[in-house]
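Shown here: input.pdb, PDB, C-alpha atoms, pLDDT in the B column.
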ATOM      1  CA  GLY A   1     -86.260 -25.857 -39.572  1.00 43.00           C
ATOM      2  CA  HIS A   2     -89.749 -26.527 -40.942  1.00 45.00           C
ATOM      3  CA  SER A   3     -91.773 -27.757 -37.948  1.00 50.00           C
ATOM      4  CA  VAL A   4     -91.416 -24.742 -35.662  1.00 50.00           C
ATOM      5  CA  PRO A   5     -93.865 -21.851 -35.994  1.00 54.00           C
ATOM      6  CA  GLY A   6     -92.193 -18.486 -36.626  1.00 52.00           C
ATOM      7  CA  ARG A   7     -88.696 -17.792 -37.860  1.00 56.00           C
ATOM      8  CA  ILE A   8     -85.761 -19.344 -35.990  1.00 64.00           C
ATOM      9  CA  HIS A   9     -83.220 -16.596 -35.342  1.00 68.00           C
ATOM     10  CA  ARG A  10     -79.565 -17.457 -35.765  1.00 75.00           C
ATOM     11  CA  ARG A  11     -76.370 -15.417 -35.602  1.00 82.00           C
ATOM     12  CA  GLN A  12     -74.719 -14.878 -38.983  1.00 90.00           C
ATOM     13  CA  VAL A  13     -71.148 -16.248 -39.106  1.00 93.00           C
ATOM     14  CA  THR A  14     -68.402 -16.746 -41.693  1.00 95.00           C
ATOM     15  CA  PRO A  15     -68.689 -20.224 -43.230  1.00 97.00           C
ATOM     16  CA  PRO A  16     -65.936 -22.641 -44.185  1.00 96.00           C
ATOM     17  CA  ALA A  17     -64.537 -22.194 -47.695  1.00 97.00           C
ATOM     18  CA  ARG A  18     -66.604 -25.046 -49.137  1.00 98.00           C
ATOM     19  CA  LEU A  19     -69.876 -26.656 -48.152  1.00 98.00           C
ATOM     20  CA  PHE A  20     -71.846 -29.444 -49.834  1.00 98.00           C
ATOM     21  CA  HIS A  21     -75.425 -30.351 -50.668  1.00 97.00           C
ATOM     22  CA  GLY A  22     -76.695 -33.764 -51.767  1.00 97.00           C
ATOM     23  CA  THR A  23     -79.736 -33.976 -54.009  1.00 96.00           C
ATOM     24  CA  ALA A  24     -81.393 -36.097 -56.672  1.00 96.00           C
ATOM     25  CA  PRO A  25     -79.940 -35.559 -60.171  1.00 96.00           C
ATOM     26  CA  GLU A  26     -83.312 -34.438 -61.547  1.00 96.00           C
ATOM     27  CA  THR A  27     -83.717 -31.917 -58.721  1.00 95.00           C
ATOM     28  CA  TRP A  28     -80.349 -30.390 -59.627  1.00 96.00           C
ATOM     29  CA  ALA A  29     -81.274 -30.211 -63.310  1.00 94.00           C
ATOM     30  CA  GLU A  30     -84.861 -29.033 -62.917  1.00 94.00           C
ATOM     31  CA  GLU A  31     -85.049 -27.040 -59.682  1.00 94.00           C
ATOM     32  CA  ILE A  32     -81.608 -25.875 -58.519  1.00 96.00           C
ATOM     33  CA  GLN A  33     -79.336 -25.271 -61.505  1.00 95.00           C
ATOM     34  CA  ALA A  34     -80.959 -22.018 -62.701  1.00 95.00           C
ATOM     35  CA  PRO A  35     -82.342 -20.350 -59.546  1.00 95.00           C
ATOM     36  CA  GLY A  36     -79.849 -21.746 -57.011  1.00 97.00           C
ATOM     37  CA  LEU A  37     -80.641 -23.427 -53.710  1.00 97.00           C
ATOM     38  CA  LEU A  38     -83.832 -22.189 -52.074  1.00 95.00           C
ATOM     39  CA  PRO A  39     -85.248 -23.296 -48.711  1.00 91.00           C
ATOM     40  CA  MET A  40     -88.456 -24.584 -50.317  1.00 88.00           C
ATOM     41  CA  GLY A  41     -90.690 -25.634 -47.365  1.00 84.00           C
ATOM     42  CA  ARG A  42     -87.976 -25.072 -44.778  1.00 85.00           C
ATOM     43  CA  GLN A  43     -86.719 -21.911 -43.119  1.00 88.00           C
ATOM     44  CA  PHE A  44     -83.167 -22.403 -44.376  1.00 92.00           C
ATOM     45  CA  VAL A  45     -81.145 -24.229 -47.003  1.00 96.00           C
ATOM     46  CA  HIS A  46     -79.272 -27.059 -45.265  1.00 95.00           C
ATOM     47  CA  LEU A  47     -75.621 -27.605 -46.231  1.00 98.00           C
ATOM     48  CA  SER A  48     -73.170 -30.289 -45.151  1.00 97.00           C
ATOM     49  CA  VAL A  49     -69.608 -29.758 -43.986  1.00 97.00           C
ATOM     50  CA  ASP A  50     -68.320 -32.764 -45.948  1.00 97.00           C
ATOM     51  CA  ARG A  51     -69.083 -34.861 -49.029  1.00 97.00           C
ATOM     52  CA  GLU A  52     -69.885 -37.953 -46.972  1.00 97.00           C
ATOM     53  CA  THR A  53     -72.675 -36.234 -45.039  1.00 96.00           C
ATOM     54  CA  ALA A  54     -74.019 -34.647 -48.242  1.00 97.00           C
ATOM     55  CA  THR A  55     -74.016 -38.074 -49.905  1.00 97.00           C
ATOM     56  CA  SER A  56     -75.908 -39.590 -46.983  1.00 96.00           C
ATOM     57  CA  VAL A  57     -78.492 -36.786 -47.116  1.00 95.00           C
ATOM     58  CA  GLY A  58     -78.739 -37.047 -50.908  1.00 96.00           C
ATOM     59  CA  ARG A  59     -79.436 -40.779 -50.691  1.00 97.00           C
ATOM     60  CA  ARG A  60     -82.742 -39.928 -49.042  1.00 95.00           C
ATOM     61  CA  LYS A  61     -83.796 -38.611 -52.475  1.00 93.00           C
ATOM     62  CA  SER A  62     -81.825 -40.838 -54.875  1.00 96.00           C
ATOM     63  CA  ALA A  63     -79.722 -44.002 -54.850  1.00 96.00           C
ATOM     64  CA  ASP A  64     -77.126 -42.080 -56.890  1.00 96.00           C
ATOM     65  CA  PRO A  65     -77.293 -38.484 -55.615  1.00 97.00           C
ATOM     66  CA  THR A  66     -75.679 -35.461 -57.207  1.00 97.00           C
ATOM     67  CA  ILE A  67     -73.285 -33.753 -54.803  1.00 98.00           C
ATOM     68  CA  LEU A  68     -73.121 -29.990 -55.151  1.00 98.00           C
ATOM     69  CA  THR A  69     -70.086 -28.023 -54.012  1.00 98.00           C
ATOM     70  CA  ILE A  70     -70.869 -24.582 -52.630  1.00 98.00           C
ATOM     71  CA  ASP A  71     -68.213 -21.848 -52.813  1.00 98.00           C
ATOM     72  CA  ALA A  72     -69.347 -20.612 -49.419  1.00 98.00           C
ATOM     73  CA  LEU A  73     -66.671 -17.966 -48.843  1.00 97.00           C
ATOM     74  CA  ALA A  74     -67.342 -16.336 -52.208  1.00 98.00           C
ATOM     75  CA  ALA A  75     -71.085 -16.465 -51.556  1.00 98.00           C
ATOM     76  CA  ALA A  76     -70.601 -14.915 -48.101  1.00 98.00           C
ATOM     77  CA  SER A  77     -68.376 -12.211 -49.588  1.00 97.00           C
ATOM     78  CA  ALA A  78     -71.177 -11.424 -52.054  1.00 98.00           C
ATOM     79  CA  GLY A  79     -73.692 -11.021 -49.221  1.00 97.00           C
ATOM     80  CA  THR A  80     -75.163 -14.499 -48.692  1.00 97.00           C
ATOM     81  CA  ALA A  81     -75.888 -15.027 -44.996  1.00 96.00           C
ATOM     82  CA  PHE A  82     -74.646 -18.265 -43.412  1.00 97.00           C
ATOM     83  CA  TYR A  83     -75.492 -19.647 -39.979  1.00 95.00           C
ATOM     84  CA  GLU A  84     -73.914 -22.537 -38.091  1.00 92.00           C
ATOM     85  CA  GLY A  85     -76.498 -25.252 -37.452  1.00 89.00           C
ATOM     86  CA  ASN A  86     -74.316 -27.805 -35.685  1.00 91.00           C
ATOM     87  CA  GLU A  87     -70.966 -29.540 -36.247  1.00 90.00           C
ATOM     88  CA  LEU A  88     -72.181 -31.176 -39.504  1.00 93.00           C
ATOM     89  CA  VAL A  89     -74.770 -28.722 -40.839  1.00 95.00           C
ATOM     90  CA  TRP A  90     -74.638 -25.104 -41.964  1.00 96.00           C
ATOM     91  CA  LEU A  91     -77.677 -23.053 -42.888  1.00 96.00           C
ATOM     92  CA  ALA A  92     -78.284 -20.276 -45.407  1.00 96.00           C
ATOM     93  CA  ASP A  93     -81.290 -18.262 -46.513  1.00 93.00           C
ATOM     94  CA  SER A  94     -80.521 -19.242 -50.131  1.00 97.00           C
ATOM     95  CA  ILE A  95     -77.491 -19.908 -52.341  1.00 98.00           C
ATOM     96  CA  PRO A  96     -77.269 -18.156 -55.731  1.00 98.00           C
ATOM     97  CA  ALA A  97     -76.591 -20.520 -58.641  1.00 97.00           C
ATOM     98  CA  ARG A  98     -73.243 -18.907 -59.503  1.00 98.00           C
ATOM     99  CA  PHE A  99     -71.756 -20.319 -56.280  1.00 98.00           C
ATOM    100  CA  ILE A 100     -72.893 -23.923 -56.925  1.00 98.00           C
ATOM    101  CA  ALA A 101     -71.068 -26.570 -58.966  1.00 97.00           C
ATOM    102  CA  PRO A 102     -72.029 -30.228 -59.363  1.00 96.00           C
ATOM    103  CA  GLU A 103     -69.247 -32.720 -58.729  1.00 89.00           C
ATOM    104  CA  GLU A 104     -68.344 -34.754 -61.759  1.00 71.00           C
TER     105      GLU A 104
END

Could you rewrite the structure in this file as structure tokens?
Amino acid sequence: GHSVPGRIHRRQVTPPARLFHGTAPETWAEEIQAPGLLPMGRQFVHLSVDRETATSVGRRKSADPTILTIDALAAASAGTAFYEGNELVWLADSIPARFIAPEE
């Protein structure tokens, strides 16, 4: 999503009810909590279909990652575009903060 010149075009589809995102605790607190999930240097925000995959991805950034639960259906109903990446990954342009909750 970040090494290909130009925008990758995907077909918008209805996501599963919940998706997940693993990140470092400080990234959640300092960069995601207020503005939501943004693609940063990538074309899309990458979301996992399950907690295990999100945990594995989050461990790239922290030994004890924060797992975020995304209310994907509510976000889609509010106009957030979702795209199927593959069987484990969903993509979105961004996720507003009101649809994100950290797991306790």

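Those residues returned by the PyMOL selection byres ((chain A and resi 61) around 7) for this file are Thr23, Ala24, Gly58, Arg59, Arg60 and Ser62 of chain A.
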
Mind giving me the straight-line distance from CA of Ala17 in chain A to CA of Glu30 in chain A in Å, one decimal?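 Taking CA of Ala17 in chain A as the start and CA of Glu30 in chain A as the end point, the length is 26.3 Å.
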
At a cut-off of 8 Å, using only C-alpha atoms, what residues contact His46 in chain A? Leave out same-chain residues fewer than 4 positions from it and give the result as an NGL selection string. :A and (21 or 39 or 89-92)

When you look at Asp64 in chain A with a cut-off of 12 Å (counting only C-alpha atoms), what residues show up, excluding the ones that are within fewer than 6 positions of it in the same chain? I need them as a compact mmCIF listing (two decimals) with C-alpha atoms, keeping the file's coordinate frame.
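Contents of part_5.txt, as written:
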# COMPACT_ATOMS: atom_id res chain seq x y z
CA GLY A 22 -76.69 -33.76 -51.77
CA THR A 23 -79.74 -33.98 -54.01
CA ALA A 24 -81.39 -36.10 -56.67
CA PRO A 25 -79.94 -35.56 -60.17
CA GLU A 26 -83.31 -34.44 -61.55
CA ALA A 54 -74.02 -34.65 -48.24
CA THR A 55 -74.02 -38.07 -49.90
CA SER A 56 -75.91 -39.59 -46.98
CA VAL A 57 -78.49 -36.79 -47.12
CA GLY A 58 -78.74 -37.05 -50.91

Two-atom distance - CA of Ala81 in chain A, CA of Pro16 in chain A (Å): 12.6 Å

Residue contacts of Arg11 in chain A (9 Å, only C-alpha atoms) excluding same-chain residues fewer than 2 positions away, as a list in words: His9, Val13, Phe82, Tyr83 and Glu84 of chain A

When the PyMOL selection byres ((chain A and resi 37) around 9) is applied to the structure above, which residues does it catch, written out as a VMD selection string? chain A and resid 31 to 33 35 to 36 38 to 40 45 93 to 97 100

Atoms are missing here; could range 13-24 of chain A be completed with N, CA, C and O atoms and written as a compact mmCIF listing (two decimals), keeping the file's coordinate frame?
# COMPACT_ATOMS: atom_id res chain seq x y z
N VAL A 13 -72.58 -16.01 -39.31
CA VAL A 13 -71.15 -16.25 -39.11
C VAL A 13 -70.49 -16.56 -40.44
O VAL A 13 -71.15 -16.95 -41.41
N THR A 14 -69.17 -16.43 -40.48
CA THR A 14 -68.40 -16.75 -41.69
C THR A 14 -68.32 -18.26 -41.85
O THR A 14 -67.91 -18.97 -40.93
N PRO A 15 -68.70 -18.77 -43.02
CA PRO A 15 -68.69 -20.22 -43.23
C PRO A 15 -67.30 -20.74 -43.60
O PRO A 15 -66.41 -19.95 -43.91
N PRO A 16 -67.15 -22.06 -43.62
CA PRO A 16 -65.94 -22.64 -44.18
C PRO A 16 -65.86 -22.32 -45.68
O PRO A 16 -66.86 -21.90 -46.27
N ALA A 17 -64.72 -22.52 -46.28
CA ALA A 17 -64.54 -22.19 -47.70
C ALA A 17 -65.51 -22.95 -48.60
O ALA A 17 -66.07 -22.38 -49.54
N ARG A 18 -65.73 -24.21 -48.32
CA ARG A 18 -66.60 -25.05 -49.14
C ARG A 18 -67.63 -25.75 -48.25
O ARG A 18 -67.32 -26.19 -47.15
N LEU A 19 -68.83 -25.86 -48.78
CA LEU A 19 -69.88 -26.66 -48.15
C LEU A 19 -70.49 -27.52 -49.25
O LEU A 19 -70.19 -27.32 -50.44
N PHE A 20 -71.32 -28.47 -48.88
CA PHE A 20 -71.85 -29.44 -49.83
C PHE A 20 -73.35 -29.64 -49.64
O PHE A 20 -73.89 -29.42 -48.56
N HIS A 21 -73.99 -30.08 -50.71
CA HIS A 21 -75.42 -30.35 -50.67
C HIS A 21 -75.69 -31.56 -51.55
O HIS A 21 -75.29 -31.59 -52.71
N GLY A 22 -76.34 -32.57 -51.00
CA GLY A 22 -76.69 -33.76 -51.77
C GLY A 22 -78.14 -33.70 -52.21
O GLY A 22 -79.02 -33.33 -51.43
N THR A 23 -78.39 -34.04 -53.47
CA THR A 23 -79.74 -33.98 -54.01
C THR A 23 -79.91 -35.00 -55.12
O THR A 23 -78.93 -35.58 -55.60
N ALA A 24 -81.13 -35.20 -55.54
CA ALA A 24 -81.39 -36.10 -56.67
C ALA A 24 -80.94 -35.41 -57.96
O ALA A 24 -81.07 -34.19 -58.09
